[in-house]
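What follows is the content of model_3.cif, which has mmCIF, C-alpha atoms, pLDDT in the B column; chains and numbers go by the auth columns:
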```
data_start
#
loop_
_atom_site.group_PDB
_atom_site.id
_atom_site.type_symbol
_atom_site.label_atom_id
_atom_site.label_comp_id
_atom_site.label_asym_id
_atom_site.label_seq_id
_atom_site.Cartn_x
_atom_site.Cartn_y
_atom_site.Cartn_z
_atom_site.B_iso_or_equiv
_atom_site.auth_seq_id
_atom_site.auth_asym_id
ATOM 1 C CA MET A 1 -30.109 -3.008 15.678 54.00 1 A
ATOM 2 C CA GLN A 2 -26.730 -2.444 14.054 61.00 2 A
ATOM 3 C CA ALA A 3 -26.499 -0.776 10.633 59.00 3 A
ATOM 4 C CA ASN A 4 -25.311 -2.941 7.799 58.00 4 A
ATOM 5 C CA PRO A 5 -21.905 -1.548 6.657 55.00 5 A
ATOM 6 C CA PHE A 6 -22.502 -2.806 3.127 55.00 6 A
ATOM 7 C CA VAL A 7 -25.565 -0.627 2.549 58.00 7 A
ATOM 8 C CA LEU A 8 -23.215 1.998 1.126 59.00 8 A
ATOM 9 C CA GLU A 9 -21.901 -0.473 -1.430 62.00 9 A
ATOM 10 C CA SER A 10 -22.821 1.864 -4.294 66.00 10 A
ATOM 11 C CA ALA A 11 -20.415 4.433 -2.800 75.00 11 A
ATOM 12 C CA TRP A 12 -17.417 2.124 -3.184 77.00 12 A
ATOM 13 C CA VAL A 13 -15.089 3.288 -5.918 78.00 13 A
ATOM 14 C CA VAL A 14 -12.369 1.289 -7.629 83.00 14 A
ATOM 15 C CA ASN A 15 -9.800 3.740 -8.903 86.00 15 A
ATOM 16 C CA ASP A 16 -6.736 3.090 -11.066 88.00 16 A
ATOM 17 C CA HIS A 17 -5.499 6.631 -10.391 90.00 17 A
ATOM 18 C CA PRO A 18 -6.404 7.552 -6.800 89.00 18 A
ATOM 19 C CA SER A 19 -5.878 11.144 -5.758 92.00 19 A
ATOM 20 C CA GLU A 20 -2.900 12.074 -3.594 93.00 20 A
ATOM 21 C CA PRO A 21 -5.217 13.455 -0.871 93.00 21 A
ATOM 22 C CA ASP A 22 -7.085 10.123 -0.708 91.00 22 A
ATOM 23 C CA LEU A 23 -3.836 8.150 -0.517 92.00 23 A
ATOM 24 C CA GLN A 24 -2.452 10.464 2.162 91.00 24 A
ATOM 25 C CA MET A 25 -5.661 10.233 4.213 93.00 25 A
ATOM 26 C CA LEU A 26 -5.491 6.446 4.075 91.00 26 A
ATOM 27 C CA LYS A 27 -1.889 6.506 5.341 86.00 27 A
ATOM 28 C CA VAL A 28 -2.683 9.051 8.060 87.00 28 A
ATOM 29 C CA ARG A 29 -5.588 6.983 9.371 92.00 29 A
ATOM 30 C CA LEU A 30 -3.501 3.795 9.483 87.00 30 A
ATOM 31 C CA ARG A 31 -0.629 5.610 11.228 80.00 31 A
ATOM 32 C CA GLU A 32 -3.047 7.003 13.814 85.00 32 A
ATOM 33 C CA TYR A 33 -4.337 3.515 14.533 87.00 33 A
ATOM 34 C CA ASN A 34 -0.821 2.044 14.679 80.00 34 A
ATOM 35 C CA ALA A 35 0.446 4.771 17.003 80.00 35 A
ATOM 36 C CA ALA A 36 -2.423 4.209 19.432 83.00 36 A
ATOM 37 C CA ALA A 37 -2.182 0.408 19.303 82.00 37 A
ATOM 38 C CA ALA A 38 1.615 0.325 19.722 75.00 38 A
ATOM 39 C CA ASN A 39 1.674 3.251 22.168 72.00 39 A
ATOM 40 C CA THR A 40 4.358 5.102 20.208 73.00 40 A
ATOM 41 C CA ARG A 41 4.330 8.238 18.117 66.00 41 A
ATOM 42 C CA ASP A 42 7.933 8.364 16.947 70.00 42 A
ATOM 43 C CA GLY A 43 7.202 7.802 13.245 75.00 43 A
ATOM 44 C CA CYS A 44 8.545 10.046 10.514 81.00 44 A
ATOM 45 C CA GLN A 45 9.713 9.996 6.926 87.00 45 A
ATOM 46 C CA LEU A 46 13.473 9.828 6.474 91.00 46 A
ATOM 47 C CA ALA A 47 15.090 10.614 3.118 94.00 47 A
ATOM 48 C CA LEU A 48 18.410 11.512 1.546 95.00 48 A
ATOM 49 C CA PHE A 49 18.859 12.995 -1.939 96.00 49 A
ATOM 50 C CA LEU A 50 21.757 13.795 -4.268 95.00 50 A
ATOM 51 C CA HIS A 51 21.375 16.577 -6.854 96.00 51 A
ATOM 52 C CA ASP A 52 23.661 17.654 -9.688 94.00 52 A
ATOM 53 C CA GLU A 53 24.913 21.213 -10.272 94.00 53 A
ATOM 54 C CA GLN A 54 21.661 22.110 -12.070 95.00 54 A
ATOM 55 C CA GLY A 55 19.546 20.928 -9.150 95.00 55 A
ATOM 56 C CA ARG A 56 18.277 17.747 -10.844 95.00 56 A
ATOM 57 C CA MET A 57 17.830 14.761 -8.571 96.00 57 A
ATOM 58 C CA MET A 58 20.394 12.128 -9.481 96.00 58 A
ATOM 59 C CA ALA A 59 19.894 9.697 -6.591 97.00 59 A
ATOM 60 C CA GLY A 60 17.866 9.245 -3.459 97.00 60 A
ATOM 61 C CA VAL A 61 16.669 6.892 -0.788 97.00 61 A
ATOM 62 C CA CYS A 62 13.646 7.185 1.471 95.00 62 A
ATOM 63 C CA GLY A 63 11.683 5.260 4.002 94.00 63 A
ATOM 64 C CA ARG A 64 9.624 5.488 7.147 91.00 64 A
ATOM 65 C CA PHE A 65 11.108 5.369 10.632 88.00 65 A
ATOM 66 C CA TRP A 66 8.880 3.961 13.365 85.00 66 A
ATOM 67 C CA GLY A 67 9.351 1.886 16.499 81.00 67 A
ATOM 68 C CA GLU A 68 13.150 1.582 16.271 88.00 68 A
ATOM 69 C CA CYS A 69 12.846 0.310 12.693 91.00 69 A
ATOM 70 C CA LEU A 70 13.395 1.993 9.348 94.00 70 A
ATOM 71 C CA GLU A 71 11.477 0.520 6.438 95.00 71 A
ATOM 72 C CA ILE A 72 13.088 1.638 3.192 97.00 72 A
ATOM 73 C CA ASP A 73 10.633 1.867 0.334 94.00 73 A
ATOM 74 C CA THR A 74 12.674 3.541 -2.413 96.00 74 A
ATOM 75 C CA LEU A 75 16.312 3.669 -3.522 97.00 75 A
ATOM 76 C CA TRP A 76 17.150 5.016 -6.954 97.00 76 A
ATOM 77 C CA VAL A 77 20.315 6.168 -8.733 97.00 77 A
ATOM 78 C CA GLU A 78 20.287 7.791 -12.172 96.00 78 A
ATOM 79 C CA GLU A 79 21.490 5.206 -14.673 95.00 79 A
ATOM 80 C CA THR A 80 24.532 7.212 -15.802 93.00 80 A
ATOM 81 C CA TRP A 81 25.665 7.558 -12.163 93.00 81 A
ATOM 82 C CA ARG A 82 25.391 3.861 -11.299 92.00 82 A
ATOM 83 C CA GLY A 83 28.464 1.772 -10.524 93.00 83 A
ATOM 84 C CA GLN A 84 30.261 4.657 -8.775 94.00 84 A
ATOM 85 C CA GLY A 85 29.402 3.751 -5.175 96.00 85 A
ATOM 86 C CA ILE A 86 26.606 6.314 -4.853 96.00 86 A
ATOM 87 C CA GLY A 87 23.972 3.763 -3.821 96.00 87 A
ATOM 88 C CA LYS A 88 26.314 2.360 -1.179 97.00 88 A
ATOM 89 C CA ARG A 89 27.063 5.839 0.189 96.00 89 A
ATOM 90 C CA LEU A 90 23.351 6.704 0.251 96.00 90 A
ATOM 91 C CA MET A 91 22.587 3.549 2.232 96.00 91 A
ATOM 92 C CA GLN A 92 25.488 4.019 4.643 96.00 92 A
ATOM 93 C CA THR A 93 24.541 7.641 5.289 96.00 93 A
ATOM 94 C CA LEU A 94 20.884 6.756 5.809 95.00 94 A
ATOM 95 C CA GLU A 95 21.825 3.885 8.142 95.00 95 A
ATOM 96 C CA ALA A 96 24.025 6.197 10.238 95.00 96 A
ATOM 97 C CA GLU A 97 21.261 8.815 10.490 93.00 97 A
ATOM 98 C CA ALA A 98 18.689 6.174 11.385 92.00 98 A
ATOM 99 C CA PHE A 99 20.989 4.781 14.078 94.00 99 A
ATOM 100 C CA ASN A 100 21.502 8.270 15.547 93.00 100 A
ATOM 101 C CA ARG A 101 17.706 8.563 15.800 89.00 101 A
ATOM 102 C CA GLY A 102 17.417 5.293 17.731 90.00 102 A
ATOM 103 C CA CYS A 103 16.860 2.875 14.865 91.00 103 A
ATOM 104 C CA ARG A 104 18.140 -0.643 15.472 94.00 104 A
ATOM 105 C CA GLN A 105 16.781 -2.482 12.431 97.00 105 A
ATOM 106 C CA ILE A 106 16.213 -1.709 8.763 97.00 106 A
ATOM 107 C CA THR A 107 13.922 -3.636 6.419 98.00 107 A
ATOM 108 C CA LEU A 108 13.295 -3.357 2.701 98.00 108 A
ATOM 109 C CA ALA A 109 11.943 -5.229 -0.301 97.00 109 A
ATOM 110 C CA THR A 110 13.492 -5.562 -3.746 97.00 110 A
ATOM 111 C CA PHE A 111 12.753 -7.561 -6.867 95.00 111 A
ATOM 112 C CA SER A 112 15.130 -10.098 -8.402 95.00 112 A
ATOM 113 C CA PHE A 113 15.709 -7.739 -11.357 93.00 113 A
ATOM 114 C CA GLN A 114 16.583 -4.865 -9.029 94.00 114 A
ATOM 115 C CA ALA A 115 19.258 -5.205 -6.355 93.00 115 A
ATOM 116 C CA PRO A 116 19.105 -8.134 -3.909 96.00 116 A
ATOM 117 C CA ALA A 117 22.849 -8.810 -4.262 96.00 117 A
ATOM 118 C CA PHE A 118 23.639 -5.114 -3.697 97.00 118 A
ATOM 119 C CA TYR A 119 21.811 -5.127 -0.358 97.00 119 A
ATOM 120 C CA GLN A 120 23.350 -8.437 0.692 98.00 120 A
ATOM 121 C CA LYS A 121 26.840 -6.960 0.089 97.00 121 A
ATOM 122 C CA LEU A 122 25.834 -4.203 2.532 97.00 122 A
ATOM 123 C CA GLY A 123 25.023 -6.764 5.222 97.00 123 A
ATOM 124 C CA TYR A 124 21.300 -7.260 4.664 98.00 124 A
ATOM 125 C CA SER A 125 19.953 -10.790 5.011 98.00 125 A
ATOM 126 C CA VAL A 126 16.974 -12.299 3.214 98.00 126 A
ATOM 127 C CA PHE A 127 14.108 -13.279 5.501 97.00 127 A
ATOM 128 C CA GLY A 128 11.494 -13.955 2.866 97.00 128 A
ATOM 129 C CA VAL A 129 11.030 -14.518 -0.856 96.00 129 A
ATOM 130 C CA PHE A 130 7.778 -14.339 -2.806 94.00 130 A
ATOM 131 C CA THR A 131 7.621 -16.030 -6.178 94.00 131 A
ATOM 132 C CA GLY A 132 5.093 -15.985 -8.971 86.00 132 A
ATOM 133 C CA PHE A 133 5.562 -12.477 -10.329 84.00 133 A
ATOM 134 C CA GLY A 134 5.420 -12.027 -14.094 78.00 134 A
ATOM 135 C CA ASN A 135 8.319 -13.361 -16.144 86.00 135 A
ATOM 136 C CA GLY A 136 9.541 -15.500 -13.254 90.00 136 A
ATOM 137 C CA HIS A 137 10.643 -12.629 -11.028 94.00 137 A
ATOM 138 C CA GLN A 138 10.886 -12.875 -7.251 95.00 138 A
ATOM 139 C CA LYS A 139 10.440 -10.313 -4.503 96.00 139 A
ATOM 140 C CA PHE A 140 13.041 -10.433 -1.725 97.00 140 A
ATOM 141 C CA TYR A 141 12.459 -9.136 1.802 98.00 141 A
ATOM 142 C CA LEU A 142 15.660 -8.183 3.595 98.00 142 A
ATOM 143 C CA GLN A 143 16.648 -6.899 7.022 98.00 143 A
ATOM 144 C CA LYS A 144 19.715 -5.634 8.813 98.00 144 A
ATOM 145 C CA ARG A 145 20.383 -5.031 12.503 97.00 145 A
ATOM 146 C CA ILE A 146 22.412 -1.861 13.030 93.00 146 A
ATOM 147 C CA GLU A 147 24.485 -1.227 16.115 84.00 147 A
#
```

As structure tokens:
Amino acid sequence: MQANPFVLESAWVVNDHPSEPDLQMLKVRLREYNAAAANTRDGCQLALFLHDEQGRMMAGVCGRFWGECLEIDTLWVEETWRGQGIGKRLMQTLEAEAFNRGCRQITLATFSFQAPAFYQKLGYSVFGVFTGFGNGHQKFYLQKRIE
């Protein structure tokens, strides 16, 4: 007789502020499963940062490289530094590094109030749009083949 997995229902915890160790464990477990299922272990974080003379972060981009694909999850430039080409240089530098590591495709998501046009100017194409976010916003999914 198989144990009922819902017997531990009282142990389930909904948490608005999960701990970093719990979040990391969740990611580690999923990556272990993915690596075994896809028969590849080439995944790693990839990030690039720009700091000012005082060591404060002024811009950065990061994502996860796995299976010849880089999935960018964060790009940010300090507001006072925007409009100077820093975001473009961050993306170009990250793309070149990803390519040198064997990456052939980059994906990312951005909201309509963020930067879909910025990414499209860099050669990214929209492959999906989700609607229905608050205040009429959309979420764009973009990709770019790099060669």

Which of these, A:Leu48, A:Gly67, A:Gly102, A:Ser112, has the shortest distance to A:His137 once you count only C-alpha atoms?
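Smallest distance to A:His137 is found for A:Ser112.
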
So that I can check the surroundings of A:Met91, please list as a list in words every protein, DNA and RNA residue that reaches within 10 Å of it, counting all atoms listed in the file and ignoring chain neighbours fewer than 6 positions away.
Leu48, Gly60, Val61, Cys62, Ile72, Leu75, Glu97, Tyr119 and Leu122 of chain A

May I ask for the distance between atom CA of A:Leu46 and atom CA of A:Arg89, given in Å to one decimal place?
15.5 Å

What does the distance from atom CA of A:Tyr141 to atom CA of A:Arg64 come to in Å, to one decimal?
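Atom CA of A:Arg64 lies 15.8 Å from atom CA of A:Tyr141.
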
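Minimum atom-to-atom distance to A:Thr74, evaluated using all atoms listed in the file, belongs to A:Ala47 out of A:Met25, A:Ile86, A:Met58, A:Ala47.
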
Report, in Å to a single decimal, how far apart atom CA of A:Phe130 and atom CA of A:Phe111 are.
9.3 Å

Residue among A:Phe118, A:Phe65, A:Tyr124, A:Trp12 lying closest to A:Ala98, counting all atoms listed in the file
A:Phe65

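The smallest atom-to-atom distance between A:Gln138 and any of A:Thr110, A:Gln24, A:Thr93, A:Gln105, using all atoms listed in the file, is found for A:Thr110.
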
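Taking all atoms listed in the file into account, A:Val129 lies nearest to A:Ala109 out of the set A:Ala117, A:Leu26, A:Ile146, A:Ala109.
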